[in-house]
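Read through the structure below, which is laid out as structure tokens, and then see the notes.
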Amino acid sequence: MNLAKIKKILQNYVNGDIIQNVVYIKMPKSNFLVAQLNIKGGTSMLKLNGKQIVTERFPNNETKVKDFEEYIERKENILELKYFNDEDLITLMFVKKRIDEAYARCALFVWYMPYSRMDRKIDGDLFTLKYICDFINWLRFTKVVIMEPHSVRTVQMLDRVRDIYPVTDWIKAEELPENVQIVFQDKAAARRYAHSKYKDVCIMEKRRDPITGKIEDMHIKEGKVLPGAKCIIIDDLCSQGGTFAWAGSILKDAGAAEVVLVVSHCEETIFKGTLLKENSPIDMVYTSTSIMDKEHPKIKYMDVDVASYMKKHIL
């Protein structure tokens, strides 16, 4: 392979995840070319007391965590985990162990619980949510606050845990206008927000194929849509959003003038579905940045005041 091809291959990685720039050095009296790679620094998906933990990457892809001694408080510390990939879990361990060395207390705020979908033992697959819960328990945080757990098993398996539901703070029952109705896609969602005290709600029912699990039918089971109402579908998680789009069509056919979706967590797969299309029955999506923050005219990101939640639940 000639030097030009080597340069081209290496240059493809410049400004990527690992290599920031390449400096080529021609070795004297030889045909060898040495590429001096400058490893890009960056930030993890963790914050300590509101300040970003800074990480770098070694040439073999090991994580290098920059010391953060000045961030550590003497009393209680708040560590935020916004999971992006498994590297964030190993960084979480490094950071918590460093805080332990300072003999400081630390509580954990989890924006979205990793591996929430694997919340039971299925033949052929690992019960990974249990292992993640075991891992967090092993780190011995003074308190763990989970933002809208996708599975109730999360709360059952974690120690010193509290679950919170920002959706009910974004949409307060006592502040809803008369022409606004809350809609739940199923009874499970209705139970999740039973404490919210919403009135005149609609609860939908889905029928799935017992073998494939595919939804074959959906209809309004309880309540009725008020003519010209603005319907707000509330749930915890949106992936591609096909089911929400279906629900939106049913609600508009029943007389709703507007349908919006409010979810605590939203995955980037929403851009692969039809939910955000111009002709979608869903007029707007409101969510947090727990999983993504990609912009779109039909997506609005809501604030989550981590400090206030932690103050309320750990003090």
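Labels used: A, B, ... for chains in the order of the structure tokens, numbers from 1 for residues in each chain, and numbers from 1 for ligands as shown.
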
Please identify every residue of segment 147-171 of chain A that has at least one atom no farther than 10 Å from an atom of segment 192-212 of chain A, counting only C-alpha atoms, and for each give the shortest atom pair and the distance in Å to one decimal, arranged by chain then increasing number, as CSV.
residue,atom,partner,partner_atom,distance
A:Glu148,CA,A:Arg192,CA,9.4
A:Val152,CA,A:Arg192,CA,9.4
A:Tyr165,CA,A:Tyr193,CA,8.4
A:Val167,CA,A:Tyr193,CA,9.1
A:Thr168,CA,A:Ser196,CA,6.3
A:Asp169,CA,A:Ser196,CA,9.2
A:Ile171,CA,A:Ser196,CA,9.1

Output of the above residues as a compact mmCIF listing (two decimals), in the first residue's frame, restricted to N, CA, C and O atoms:
# COMPACT_ATOMS: atom_id res chain seq x y z
N GLU A 148 -39.19 8.23 35.54
CA GLU A 148 -40.18 7.43 34.81
C GLU A 148 -39.64 6.07 34.35
O GLU A 148 -39.33 5.88 33.17
N VAL A 152 -41.76 -1.56 36.05
CA VAL A 152 -41.91 -1.52 37.50
C VAL A 152 -40.85 -2.38 38.19
O VAL A 152 -40.51 -2.16 39.36
N TYR A 165 -42.14 11.24 38.09
CA TYR A 165 -42.90 11.32 36.85
C TYR A 165 -43.06 12.79 36.43
O TYR A 165 -44.07 13.42 36.74
N VAL A 167 -43.90 14.13 33.75
CA VAL A 167 -45.07 14.41 32.91
C VAL A 167 -46.19 15.05 33.73
O VAL A 167 -46.86 15.97 33.28
N THR A 168 -46.38 14.56 34.94
CA THR A 168 -47.47 15.09 35.77
C THR A 168 -47.14 16.46 36.33
O THR A 168 -48.03 17.14 36.86
N ASP A 169 -45.88 16.88 36.23
CA ASP A 169 -45.51 18.25 36.58
C ASP A 169 -45.67 19.16 35.37
O ASP A 169 -45.99 20.34 35.51
N ILE A 171 -47.93 18.63 33.07
CA ILE A 171 -49.38 18.74 32.85
C ILE A 171 -50.08 18.55 34.20
O ILE A 171 -50.32 17.43 34.63

| Hey, what's within 8 Å of segment 132-145 of chain A if we count only C-alpha atoms and toss same-chain stuff fewer than 5 positions away? As a ChimeraX atom specification, please? | /A:93,96-97,105-110,114-115,154,157-164,310,313-314

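Take atom CA of Asp119 of chain A and atom CA of Lys221 of chain A: the distance between them is 27.5 Å.
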
Counting only C-alpha atoms, which residues of segment 169-209 of chain A sit at most 12 Å from some atom of segment 260-263 of chain A, and what is each one's closest atom pair with its distance in Å to one decimal, listed by chain and rising residue number, as JSON lines?
{"residue": "A:Asp169", "atom": "CA", "partner": "A:Val262", "partner_atom": "CA", "distance": 11.7}
{"residue": "A:Trp170", "atom": "CA", "partner": "A:Val262", "partner_atom": "CA", "distance": 9.1}
{"residue": "A:Ile171", "atom": "CA", "partner": "A:Val262", "partner_atom": "CA", "distance": 9.1}
{"residue": "A:Val180", "atom": "CA", "partner": "A:Val260", "partner_atom": "CA", "distance": 10.6}
{"residue": "A:Gln181", "atom": "CA", "partner": "A:Val260", "partner_atom": "CA", "distance": 10.5}
{"residue": "A:Ile182", "atom": "CA", "partner": "A:Val260", "partner_atom": "CA", "distance": 9.9}
{"residue": "A:Val183", "atom": "CA", "partner": "A:Leu261", "partner_atom": "CA", "distance": 9.4}
{"residue": "A:Phe184", "atom": "CA", "partner": "A:Leu261", "partner_atom": "CA", "distance": 10.3}
{"residue": "A:Gln185", "atom": "CA", "partner": "A:Leu261", "partner_atom": "CA", "distance": 10.8}
{"residue": "A:Ala189", "atom": "CA", "partner": "A:Val263", "partner_atom": "CA", "distance": 11.1}

Using N, CA, C and O atoms, can you export the residues from the last selection as a PDB file, in the first residue's frame?
ATOM      1  N   ASP A 169     -45.880  16.877  36.234  1.00  0.00           N
ATOM      2  CA  ASP A 169     -45.512  18.250  36.582  1.00  0.00           C
ATOM      3  C   ASP A 169     -45.665  19.162  35.367  1.00  0.00           C
ATOM      4  O   ASP A 169     -45.989  20.339  35.505  1.00  0.00           O
ATOM      5  N   TRP A 170     -45.422  18.602  34.184  1.00  0.00           N
ATOM      6  CA  TRP A 170     -45.631  19.380  32.959  1.00  0.00           C
ATOM      7  C   TRP A 170     -47.109  19.636  32.727  1.00  0.00           C
ATOM      8  O   TRP A 170     -47.490  20.695  32.232  1.00  0.00           O
ATOM      9  N   ILE A 171     -47.931  18.631  33.070  1.00  0.00           N
ATOM     10  CA  ILE A 171     -49.378  18.736  32.854  1.00  0.00           C
ATOM     11  C   ILE A 171     -50.078  18.552  34.197  1.00  0.00           C
ATOM     12  O   ILE A 171     -50.324  17.433  34.635  1.00  0.00           O
ATOM     13  N   VAL A 180     -59.550  20.275  27.244  1.00  0.00           N
ATOM     14  CA  VAL A 180     -58.384  19.397  27.145  1.00  0.00           C
ATOM     15  C   VAL A 180     -58.683  18.072  27.840  1.00  0.00           C
ATOM     16  O   VAL A 180     -59.162  18.051  28.977  1.00  0.00           O
ATOM     17  N   GLN A 181     -58.409  16.979  27.147  1.00  0.00           N
ATOM     18  CA  GLN A 181     -58.633  15.640  27.704  1.00  0.00           C
ATOM     19  C   GLN A 181     -57.339  14.833  27.708  1.00  0.00           C
ATOM     20  O   GLN A 181     -56.559  14.878  26.744  1.00  0.00           O
ATOM     21  N   ILE A 182     -57.142  14.083  28.774  1.00  0.00           N
ATOM     22  CA  ILE A 182     -55.993  13.186  28.884  1.00  0.00           C
ATOM     23  C   ILE A 182     -56.399  11.813  28.361  1.00  0.00           C
ATOM     24  O   ILE A 182     -57.492  11.320  28.661  1.00  0.00           O
ATOM     25  N   VAL A 183     -55.500  11.208  27.600  1.00  0.00           N
ATOM     26  CA  VAL A 183     -55.765   9.891  27.018  1.00  0.00           C
ATOM     27  C   VAL A 183     -54.630   8.940  27.380  1.00  0.00           C
ATOM     28  O   VAL A 183     -53.452   9.297  27.283  1.00  0.00           O
ATOM     29  N   PHE A 184     -54.999   7.737  27.802  1.00  0.00           N
ATOM     30  CA  PHE A 184     -54.020   6.684  28.081  1.00  0.00           C
ATOM     31  C   PHE A 184     -54.204   5.570  27.059  1.00  0.00           C
ATOM     32  O   PHE A 184     -55.332   5.163  26.763  1.00  0.00           O
ATOM     33  N   GLN A 185     -53.079   5.074  26.535  1.00  0.00           N
ATOM     34  CA  GLN A 185     -53.150   4.045  25.496  1.00  0.00           C
ATOM     35  C   GLN A 185     -53.653   2.707  26.003  1.00  0.00           C
ATOM     36  O   GLN A 185     -54.147   1.900  25.221  1.00  0.00           O
ATOM     37  N   ALA A 189     -50.903   2.255  31.440  1.00  0.00           N
ATOM     38  CA  ALA A 189     -50.557   3.676  31.493  1.00  0.00           C
ATOM     39  C   ALA A 189     -51.475   4.417  32.461  1.00  0.00           C
ATOM     40  O   ALA A 189     -51.028   5.288  33.212  1.00  0.00           O
TER      41      ALA A 189
END

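Remark: for Lys187 of chain A, the closest of the candidate residues A:Ile234, A:Leu251, A:Gln52, A:Asp100 is A:Ile234 (distances computed over only C-alpha atoms).
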
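Pairwise distance (atom CA of Leu89 of chain A, atom CA of Leu46 of chain A) equals 9.6 Å.
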
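Interatomic distance, atom CA of Leu226 of chain A against atom CA of Ile250 of chain A: 13.1 Å.
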
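Across A:Asp67, A:Asp236, A:Asp253, A:Glu216, the tightest approach to Ser288 of chain A is made by A:Asp236 when counting only C-alpha atoms.
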
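The residue that comes closest to Trp111 of chain A, out of A:Asn179, A:Ser308, A:Asn279, A:Ser264 and on the basis of only C-alpha atoms, is A:Ser264.
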
| Those in segment 83-136 of chain A with strand (DSSP E) from DSSP, as a ChimeraX atom specification | /A:105-110

| said: Excluding segment 289-293 of chain A and its own-chain neighbours fewer than 3 positions away, which residues fall within 7 Å of it when counting only C-alpha atoms? Please give them as an NGL selection string. | reply: :A and (82 or 111-112 or 265-268 or 301)

| Non-local contacts of Asp88 of chain A (8 Å; only C-alpha atoms; under 5 positions in same chain excluded) as number ranges by chain | A: 44-46, 81, 83

Keeping only N, CA and C atoms, take the residues you just selected and write them out as a PDB file, in the first residue's frame.
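In the end it all went to out_21.pdb:
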ATOM      1  N   SER A  44     -18.268  12.844  29.185  1.00  0.00           N
ATOM      2  CA  SER A  44     -19.093  11.664  29.384  1.00  0.00           C
ATOM      3  C   SER A  44     -20.547  12.113  29.462  1.00  0.00           C
ATOM      4  N   MET A  45     -21.426  11.169  29.712  1.00  0.00           N
ATOM      5  CA  MET A  45     -22.835  11.495  29.879  1.00  0.00           C
ATOM      6  C   MET A  45     -23.176  11.601  31.360  1.00  0.00           C
ATOM      7  N   LEU A  46     -22.181  11.934  32.179  1.00  0.00           N
ATOM      8  CA  LEU A  46     -22.376  12.076  33.611  1.00  0.00           C
ATOM      9  C   LEU A  46     -22.094  13.506  34.051  1.00  0.00           C
ATOM     10  N   LEU A  81     -26.815  10.404  35.632  1.00  0.00           N
ATOM     11  CA  LEU A  81     -26.482   9.472  34.554  1.00  0.00           C
ATOM     12  C   LEU A  81     -27.482   9.648  33.422  1.00  0.00           C
ATOM     13  N   TYR A  83     -27.735   7.927  30.120  1.00  0.00           N
ATOM     14  CA  TYR A  83     -27.132   6.786  29.422  1.00  0.00           C
ATOM     15  C   TYR A  83     -27.141   6.964  27.908  1.00  0.00           C
TER      16      TYR A  83
END

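For the choices A:Thr128, A:Thr287, A:Ser280, A:Asn61, the atom-to-atom distance to Lys300 of chain A is smallest for A:Thr287 when using only C-alpha atoms.
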
| Which parts of segment 129-214 of chain A does DSSP call alpha helix (DSSP H) when run on the backbone here, written out as a VMD selection string? | chain A and resid 129 to 139 152 to 157 167 to 170 187 to 192
